[in-house]
Protein chains: 2
Amino acid sequence: MMTTDLHRPTLSRVRVLTGAVALADEIGIEDFTIRRLAAALDVKPMTIYHYVASKERILDGMVDIVFSEIALPPDDVEWQSAIRVRCRSARDILRRHPWAPPLMESRLDPGPATLRHHDAVLGCLRRGGLSLQLTAHAYAIIDSFLYGFALEEANLPGGGSGEIVEVAGDMIREGLADYPYLAEFTTEHVLRPGYDFGDSFDFGLDLIIDGLVRAAVSGSHDRHDQIVDR
Amino acid sequence: MMTTDLHRPTLSRVRVLTGAVALADEIGIEDFTIRRLAAALDVKPMTIYHYVASKERILDGMVDIVFSEIALPPDDVEWQSAIRVRCRSARDILRRHPWAPPLMESRLDPGPATLRHHDAVLGCLRRGGLSLQLTAHAYAIIDSFLYGFALEEANLPGGGSGEIVEVAGDMIREGLADYPYLAEFTTEHVLRPGYDFGDSFDFGLDLIIDGLVRAAVSGSHDRHDQIVDR
DNA sequence: GGTGCTATCGTACTTAGTACGACCTGGCTG
DNA sequence: CAGCCAGGTCGTACTAAGTACGATAGCACC
């Protein structure tokens, strides 16, 4: 009766973590609890603690799984293209795991996939010829944009296309008259067929990469008051 | 005994919300509870519910307070400068409220300060001559960067300057040998005196605004397959 | 002085994370 | 083969948090 029951191969750390990711995808991070995870895994809550130390550790592991799913920048193309590939992949993955963006930046104690990922991105930029300084700026900007965008996209009602009607409706009810530009923006643009918030991602990504290329060429990122590294 | 006690002017919705912001600033959003807020306000927990419907509503109100603190883009300078002012202010404010970034994008039901803020930013861009389409892209990119950056900055150990030693120490212990570029990046750049993650903010902001100016001039943002609005 | 309103609170229910230690079983040892 | 050990599973229970429900106390006004 306490045995593995034949229907259920014995639990494991990875099974807990992959189950956790699947459950969070399904019901959202707000409703994600140890008890529900246990039910999804068909065990009792305390069984989980045999494989992970705490819920925090589960979140750590979940984030590492997400990182492991993001494509690394390929190393057989120029860095601009490689970064583009990595960023588009990241955005896809983050859309599949809308709970992840707020967590990814806040975890200390990064897992192996996380470290590997960051190492690959840094390597891509450095091998592309960017100075350490510019690499730092580039990575900060790119990931700020990436996580910020994913965060916005994750919290868009419906999914980013036309279904903003709900929020727009709220705003109209509250009196869009006080907010003329907001009124114009929603009625003349957002609610128009064909609008898709996600379109701004590629636009922004290209804009940023373009700016970085420009900076790499000009070297204008090296501030006069610091030692230039490399 | 049930009276206002003379030491404490009667509670109010704003007092609850400003107290909540102050408390979250002090102890962080993780430890922010109704019970602790009640203690900070010197009342019993259930008293709070006389002024707000739920904890979620408190969070809504807190976010609106944060928005109200961010400077609106001034309307007597060109849009680039105005946006720069607004973004720098936002970053300052978000540093003072590190708990805010993850919340700001996730609240539905925006408050008046939030609406006013968005209206002002949209107005700044539109009066600057940007098309609706480019305005949408610009706002998405700018705020993605802003929130993403604030999110990263909020979760940096110490505060972004040299105190990354802790995390770096962890990584070294785990074997930085497997992550050569990460090793180089931390030892040769991050741990060097003078490094400040925050420096990337101005760099990124300038890069983005510069790119937007370029796009505004060329009109390259109008996709061939959509109707051009305005 | 009664009547009712408003701000405050006491109590208690529900859900969550998780500490502690019991139990059961399979495999190894003697 | 009997007994023992270790690992996996779980029952129970404690703490903390959000909050529903209804009580209470002071005050305004009739």
# chains A, B, ... in the order shown; residues from 1 in each chain; ligands from 1
$ residues_around --residues "range 180-187 of chain A" --least-positions-apart "3" --cutoff "9 Å" --atoms "only C-alpha atoms (C1' of nucleotides)" --output "PyMOL selection string"
(chain A and resi 164+168+171-172+176-177+190-192) or (chain B and resi 115-116+118-123+126+132+135-136)
$ write_last_selection --atoms "C-alpha atoms" --output "tab-separated table (two decimals), in the first residue's frame"
chain	number	residue	atom	x	y	z
A	164	ILE	CA	-8.20	44.08	-25.12
A	168	ALA	CA	-10.66	49.14	-23.09
A	171	MET	CA	-11.39	52.59	-19.45
A	172	ILE	CA	-14.21	53.86	-21.58
A	176	LEU	CA	-11.86	58.14	-21.69
A	177	ALA	CA	-12.71	61.75	-22.22
A	190	VAL	CA	-5.40	48.81	-30.59
A	191	LEU	CA	-8.97	47.89	-31.36
A	192	ARG	CA	-8.40	47.96	-35.09
B	115	LEU	CA	-4.22	56.28	-16.86
B	116	ARG	CA	-3.00	59.84	-16.64
B	118	HIS	CA	-0.04	56.56	-20.00
B	119	ASP	CA	-2.06	59.31	-21.59
B	120	ALA	CA	0.76	61.78	-21.06
B	121	VAL	CA	3.37	59.48	-22.56
B	122	LEU	CA	1.21	58.68	-25.55
B	123	GLY	CA	0.49	62.36	-25.99
B	126	ARG	CA	2.00	61.67	-30.84
B	132	LEU	CA	0.10	55.66	-34.21
B	135	THR	CA	3.91	55.23	-31.11
B	136	ALA	CA	2.73	51.74	-30.25
$ residues_around --residues "range 89-101 of chain A" --least-positions-apart "6" --cutoff "6 Å" --atoms "only C-alpha atoms (C1' of nucleotides)" --output "list in words"
Asp25, Ile29, Ile70, Ala71, Tyr147, Leu151 and Ala154 of chain A
$ write_last_selection --atoms "C-alpha atoms" --output "tab-separated table (two decimals), in the first residue's frame"
chain	number	residue	atom	x	y	z
A	25	ASP	CA	1.53	26.37	-17.27
A	29	ILE	CA	1.65	30.57	-10.70
A	70	ILE	CA	15.63	28.49	-24.71
A	71	ALA	CA	17.78	28.05	-27.79
A	147	TYR	CA	11.94	40.16	-19.89
A	151	LEU	CA	6.21	40.42	-18.72
A	154	ALA	CA	2.12	37.67	-20.18
$ residues_around --residues "DC5 in chain C" --least-positions-apart "5" --cutoff "12 Å" --atoms "only C-alpha atoms (C1' of nucleotides)" --output "mmCIF file with C-alpha atoms (C1' of nucleotides), in the first residue's frame"
data_model
loop_
_atom_site.group_PDB
_atom_site.id
_atom_site.type_symbol
_atom_site.label_atom_id
_atom_site.label_comp_id
_atom_site.auth_asym_id
_atom_site.auth_seq_id
_atom_site.Cartn_x
_atom_site.Cartn_y
_atom_site.Cartn_z
ATOM 1 C "C1'" DA D 25 -18.957 51.359 20.967
ATOM 2 C "C1'" DG D 26 -19.167 56.086 20.301
ATOM 3 C "C1'" DC D 27 -21.540 59.795 17.917
ATOM 4 C "C1'" DA D 28 -25.193 62.547 15.319
ATOM 5 C "C1'" DC D 29 -29.599 63.591 14.984
#
$ residues_around --residues "range 13-27 of chain C" --least-positions-apart "5" --cutoff "12 Å" --atoms "only C-alpha atoms (C1' of nucleotides)" --output "PyMOL selection string"
(chain A and resi 1-5+30-36+45-50+52-56) or (chain D and resi 4-21)
$ write_last_selection --atoms "C-alpha atoms (C1' of nucleotides)" --output "tab-separated table (two decimals), in the first residue's frame"
chain	number	residue	atom	x	y	z
A	1	MET	CA	0.00	0.00	0.00
A	2	MET	CA	2.95	2.25	0.51
A	3	THR	CA	4.69	0.81	-2.49
A	4	THR	CA	4.98	2.43	-5.86
A	5	ASP	CA	1.66	0.93	-6.81
A	30	GLU	CA	-0.88	32.10	-8.33
A	31	ASP	CA	-2.74	28.86	-7.89
A	32	PHE	CA	0.38	26.76	-7.96
A	33	THR	CA	0.66	25.15	-4.54
A	34	ILE	CA	2.52	22.22	-3.12
A	35	ARG	CA	-0.74	20.54	-2.38
A	36	ARG	CA	-1.99	20.88	-5.92
A	45	PRO	CA	2.10	16.74	-0.22
A	46	MET	CA	4.88	15.67	2.08
A	47	THR	CA	6.23	13.16	-0.39
A	48	ILE	CA	7.47	16.03	-2.51
A	49	TYR	CA	9.75	17.18	0.25
A	50	HIS	CA	11.73	14.00	-0.10
A	52	VAL	CA	13.15	19.12	-2.93
A	53	ALA	CA	13.88	21.16	0.14
A	54	SER	CA	11.15	23.75	-0.20
A	55	LYS	CA	8.80	25.46	-2.56
A	56	GLU	CA	11.47	28.05	-3.24
D	4	DC	C1'	17.54	-5.51	10.02
D	5	DC	C1'	18.32	-1.25	7.56
D	6	DA	C1'	17.44	2.36	4.45
D	7	DG	C1'	14.70	4.75	1.43
D	8	DG	C1'	10.23	6.24	-0.12
D	9	DT	C1'	5.61	7.50	1.32
D	10	DC	C1'	2.42	9.52	4.19
D	11	DG	C1'	-0.67	11.16	8.68
D	12	DT	C1'	-0.86	14.61	11.78
D	13	DA	C1'	-0.40	18.90	13.28
D	14	DC	C1'	1.58	23.59	13.83
D	15	DT	C1'	2.04	28.24	12.03
D	16	DA	C1'	0.84	31.97	9.19
D	17	DA	C1'	-2.08	34.38	6.08
D	18	DG	C1'	-6.58	36.27	3.89
D	19	DT	C1'	-10.88	37.38	5.15
D	20	DA	C1'	-16.30	36.33	6.25
D	21	DC	C1'	-19.46	37.32	9.89
$ interface_residues --of "chain C" --to "chain B" --cutoff "9 Å" --atoms "only C-alpha atoms (C1' of nucleotides)" --output "list in words"
DA7, DT8 and DC9 of chain C
$ write_last_selection --atoms "C-alpha atoms (C1' of nucleotides)" --output "short mmCIF file (atom, residue, chain, number, x, y, z; two decimals), in the first residue's frame"
data_model
loop_
_atom_site.label_atom_id
_atom_site.label_comp_id
_atom_site.auth_asym_id
_atom_site.auth_seq_id
_atom_site.Cartn_x
_atom_site.Cartn_y
_atom_site.Cartn_z
"C1'" DA C 7 -15.31 52.91 12.48
"C1'" DT C 8 -13.27 49.39 14.89
"C1'" DC C 9 -12.57 44.92 16.32
#
$ atom_distance --atom1 "CA of Val77 in chain B" --atom2 "CA of Ala150 in chain B"
25.5 Å
$ atom_distance --atom1 "CA of Arg88 in chain A" --atom2 "CA of Leu130 in chain B"
26.3 Å
$ atom_distance --atom1 "CA of Glu152 in chain A" --atom2 "CA of Ala215 in chain A"
27.5 Å
$ decode --residues "chain C" --atoms "N, CA and C atoms (P, O5', C5', C4', C3', O3' and C1' of nucleotides)" --output "CSV table (one decimal), in the first residue's frame"
chain,number,residue,atom,x,y,z
C,1,DG,P,-31.9,61.0,29.4
C,1,DG,O5',-32.3,59.6,28.8
C,1,DG,C5',-33.6,59.1,29.0
C,1,DG,C4',-34.2,58.7,27.7
C,1,DG,C3',-33.5,57.5,27.2
C,1,DG,O3',-34.5,56.7,26.4
C,1,DG,C1',-33.3,59.2,25.6
C,2,DG,P,-34.4,55.2,26.4
C,2,DG,O5',-34.5,55.0,24.8
C,2,DG,C5',-35.8,55.1,24.2
C,2,DG,C4',-35.6,55.5,22.7
C,2,DG,C3',-35.1,54.4,21.8
C,2,DG,O3',-35.9,54.5,20.6
C,2,DG,C1',-33.9,56.4,21.6
C,3,DT,P,-36.0,53.2,19.8
C,3,DT,O5',-35.7,53.7,18.3
C,3,DT,C5',-35.3,55.0,18.2
C,3,DT,C4',-34.5,55.1,16.8
C,3,DT,C3',-34.0,53.8,16.2
C,3,DT,O3',-34.0,53.9,14.9
C,3,DT,C1',-32.2,55.2,16.8
C,4,DG,P,-33.9,52.6,13.9
C,4,DG,O5',-32.6,53.0,13.1
C,4,DG,C5',-32.5,54.3,12.5
C,4,DG,C4',-31.0,54.6,12.4
C,4,DG,C3',-30.2,53.5,11.7
C,4,DG,O3',-29.3,54.2,10.8
C,4,DG,C1',-29.1,54.2,13.6
C,5,DC,P,-28.9,53.4,9.5
C,5,DC,O5',-27.6,54.3,9.0
C,5,DC,C5',-27.5,55.7,9.4
C,5,DC,C4',-26.0,55.9,9.8
C,5,DC,C3',-25.0,55.1,9.0
C,5,DC,O3',-24.0,56.0,8.6
C,5,DC,C1',-24.7,54.9,11.3
C,6,DT,P,-23.0,55.6,7.4
C,6,DT,O5',-21.6,55.7,8.0
C,6,DT,C5',-21.3,56.7,9.0
C,6,DT,C4',-20.1,56.4,9.8
C,6,DT,C3',-19.1,55.5,9.1
C,6,DT,O3',-17.8,56.0,9.4
C,6,DT,C1',-19.7,54.5,11.1
C,7,DA,P,-16.5,55.6,8.4
C,7,DA,O5',-15.5,55.1,9.5
C,7,DA,C5',-15.3,56.0,10.7
C,7,DA,C4',-14.8,55.1,11.8
C,7,DA,C3',-13.6,54.2,11.4
C,7,DA,O3',-12.5,54.4,12.3
C,7,DA,C1',-15.3,52.9,12.5
C,8,DT,P,-11.2,53.6,12.1
C,8,DT,O5',-11.5,52.3,13.1
C,8,DT,C5',-11.6,52.6,14.5
C,8,DT,C4',-12.0,51.3,15.2
C,8,DT,C3',-11.0,50.1,15.0
C,8,DT,O3',-10.2,50.0,16.2
C,8,DT,C1',-13.3,49.4,14.9
C,9,DC,P,-9.0,49.0,16.3
C,9,DC,O5',-9.8,47.6,16.6
C,9,DC,C5',-10.6,47.5,17.8
C,9,DC,C4',-11.4,46.3,17.7
C,9,DC,C3',-10.6,45.0,17.7
C,9,DC,O3',-10.7,44.4,19.0
C,9,DC,C1',-12.6,44.9,16.3
C,10,DG,P,-9.7,43.3,19.4
C,10,DG,O5',-10.7,42.0,19.7
C,10,DG,C5',-12.1,42.2,20.0
C,10,DG,C4',-12.8,40.8,20.1
C,10,DG,C3',-11.9,39.6,20.3
C,10,DG,O3',-12.5,38.7,21.1
C,10,DG,C1',-13.0,39.5,18.2
C,11,DT,P,-11.9,37.2,21.3
C,11,DT,O5',-12.6,36.4,20.1
C,11,DT,C5',-14.0,36.5,19.8
C,11,DT,C4',-14.4,35.5,18.7
C,11,DT,C3',-13.6,34.2,18.7
C,11,DT,O3',-14.5,33.1,18.6
C,11,DT,C1',-13.6,35.2,16.6
C,12,DA,P,-14.0,31.7,18.6
C,12,DA,O5',-14.1,31.2,17.1
C,12,DA,C5',-15.2,31.8,16.4
C,12,DA,C4',-15.0,31.4,14.9
C,12,DA,C3',-14.3,30.1,14.7
C,12,DA,O3',-14.9,29.4,13.6
C,12,DA,C1',-13.1,31.7,13.6
C,13,DC,P,-14.9,27.9,13.4
C,13,DC,O5',-14.8,27.7,11.8
C,13,DC,C5',-15.6,28.5,11.0
C,13,DC,C4',-15.0,28.7,9.7
C,13,DC,C3',-14.3,27.5,9.1
C,13,DC,O3',-14.7,27.2,7.8
C,13,DC,C1',-12.9,29.4,9.0
C,14,DT,P,-14.3,25.8,7.1
C,14,DT,O5',-13.2,26.3,6.0
C,14,DT,C5',-13.5,27.4,5.2
C,14,DT,C4',-12.3,27.8,4.4
C,14,DT,C3',-11.4,26.6,3.9
C,14,DT,O3',-11.3,26.7,2.5
C,14,DT,C1',-10.1,28.2,5.0
C,15,DT,P,-10.6,25.4,1.8
C,15,DT,O5',-9.1,26.0,1.4
C,15,DT,C5',-9.0,27.3,0.9
C,15,DT,C4',-7.5,27.7,1.0
C,15,DT,C3',-6.6,26.6,0.5
C,15,DT,O3',-5.7,27.1,-0.5
C,15,DT,C1',-5.9,27.4,2.6
C,16,DA,P,-4.7,26.2,-1.2
C,16,DA,O5',-3.3,26.4,-0.5
C,16,DA,C5',-2.7,27.7,-0.6
C,16,DA,C4',-1.5,27.8,0.3
C,16,DA,C3',-0.5,26.7,0.2
C,16,DA,O3',0.7,27.2,-0.4
C,16,DA,C1',-1.0,27.1,2.5
C,17,DG,P,1.9,26.2,-0.9
C,17,DG,O5',2.8,26.2,0.4
C,17,DG,C5',3.5,27.4,0.8
C,17,DG,C4',4.3,27.2,2.0
C,17,DG,C3',5.4,26.1,1.9
C,17,DG,O3',6.6,26.5,2.5
C,17,DG,C1',3.9,25.6,3.7
C,18,DT,P,7.9,25.6,2.3
C,18,DT,O5',7.8,24.7,3.5
C,18,DT,C5',7.9,25.2,4.8
C,18,DT,C4',7.6,24.1,5.9
C,18,DT,C3',8.4,22.8,5.7
C,18,DT,O3',8.9,22.4,6.9
C,18,DT,C1',6.2,22.4,6.1
C,19,DA,P,10.5,22.5,7.1
C,19,DA,O5',10.6,22.0,8.6
C,19,DA,C5',10.1,22.8,9.7
C,19,DA,C4',9.6,22.0,10.9
C,19,DA,C3',10.5,20.8,11.2
C,19,DA,O3',10.6,20.7,12.6
C,19,DA,C1',8.3,20.0,10.7
C,20,DC,P,11.7,19.7,13.2
C,20,DC,O5',10.8,18.4,13.6
C,20,DC,C5',9.6,18.6,14.2
C,20,DC,C4',8.9,17.2,14.4
C,20,DC,C3',9.9,16.0,14.5
C,20,DC,O3',9.6,15.3,15.6
C,20,DC,C1',8.1,15.6,12.9
C,21,DG,P,10.7,14.2,16.1
C,21,DG,O5',9.9,12.9,15.9
C,21,DG,C5',8.5,12.8,16.2
C,21,DG,C4',7.8,11.8,15.3
C,21,DG,C3',8.5,10.4,15.2
C,21,DG,O3',7.5,9.5,15.4
C,21,DG,C1',8.0,11.2,13.1
C,22,DA,P,7.9,8.0,15.8
C,22,DA,O5',6.7,7.1,15.1
C,22,DA,C5',5.4,7.6,15.2
C,22,DA,C4',4.7,7.1,14.0
C,22,DA,C3',4.8,5.6,13.7
C,22,DA,O3',3.6,5.0,13.3
C,22,DA,C1',5.5,6.8,11.8
C,23,DC,P,3.4,3.5,13.5
C,23,DC,O5',3.5,2.9,12.0
C,23,DC,C5',2.4,3.3,11.1
C,23,DC,C4',3.0,3.1,9.7
C,23,DC,C3',3.4,1.6,9.4
C,23,DC,O3',2.5,1.0,8.5
C,23,DC,C1',4.9,3.3,8.5
C,24,DC,P,2.4,-0.5,8.5
C,24,DC,O5',2.2,-0.8,6.9
C,24,DC,C5',2.3,0.3,6.0
C,24,DC,C4',3.4,0.1,5.0
C,24,DC,C3',3.8,-1.4,4.7
C,24,DC,O3',3.5,-1.7,3.4
C,24,DC,C1',5.7,0.0,4.9
C,25,DT,P,3.5,-3.3,2.9
C,25,DT,O5',4.9,-3.3,2.1
C,25,DT,C5',5.1,-2.2,1.1
C,25,DT,C4',6.6,-2.3,0.7
C,25,DT,C3',7.1,-3.7,0.4
C,25,DT,O3',7.7,-3.7,-0.9
C,25,DT,C1',8.6,-2.5,1.8
C,26,DG,P,7.9,-5.1,-1.6
C,26,DG,O5',9.2,-4.9,-2.5
C,26,DG,C5',9.7,-3.6,-2.6
C,26,DG,C4',11.2,-3.5,-2.4
C,26,DG,C3',11.9,-4.8,-2.9
C,26,DG,O3',13.1,-4.5,-3.5
C,26,DG,C1',12.4,-4.4,-0.6
C,27,DG,P,13.9,-5.6,-4.4
C,27,DG,O5',15.3,-5.7,-3.6
C,27,DG,C5',16.1,-4.5,-3.5
C,27,DG,C4',17.0,-4.7,-2.3
C,27,DG,C3',18.0,-5.9,-2.5
C,27,DG,O3',19.3,-5.5,-2.1
C,27,DG,C1',16.9,-5.9,-0.4
C,28,DC,P,20.5,-6.3,-2.7
C,28,DC,O5',21.5,-6.3,-1.5
C,28,DC,C5',21.6,-5.2,-0.7
C,28,DC,C4',21.8,-5.6,0.8
C,28,DC,C3',22.9,-6.7,0.9
C,28,DC,O3',23.9,-6.3,1.7
C,28,DC,C1',20.9,-7.2,2.2
C,29,DT,P,25.2,-7.2,1.9
C,29,DT,O5',25.0,-7.7,3.3
C,29,DT,C5',24.7,-6.8,4.4
C,29,DT,C4',24.4,-7.6,5.7
C,29,DT,C3',25.5,-8.7,5.9
C,29,DT,O3',25.9,-8.6,7.3
C,29,DT,C1',23.3,-9.6,6.0
C,30,DG,P,27.2,-9.3,7.7
C,30,DG,O5',26.6,-10.5,8.6
C,30,DG,C5',25.8,-10.2,9.8
C,30,DG,C4',25.0,-11.4,10.2
C,30,DG,C3',25.8,-12.7,10.5
C,30,DG,O3',25.4,-13.2,11.7
C,30,DG,C1',24.1,-13.2,8.9
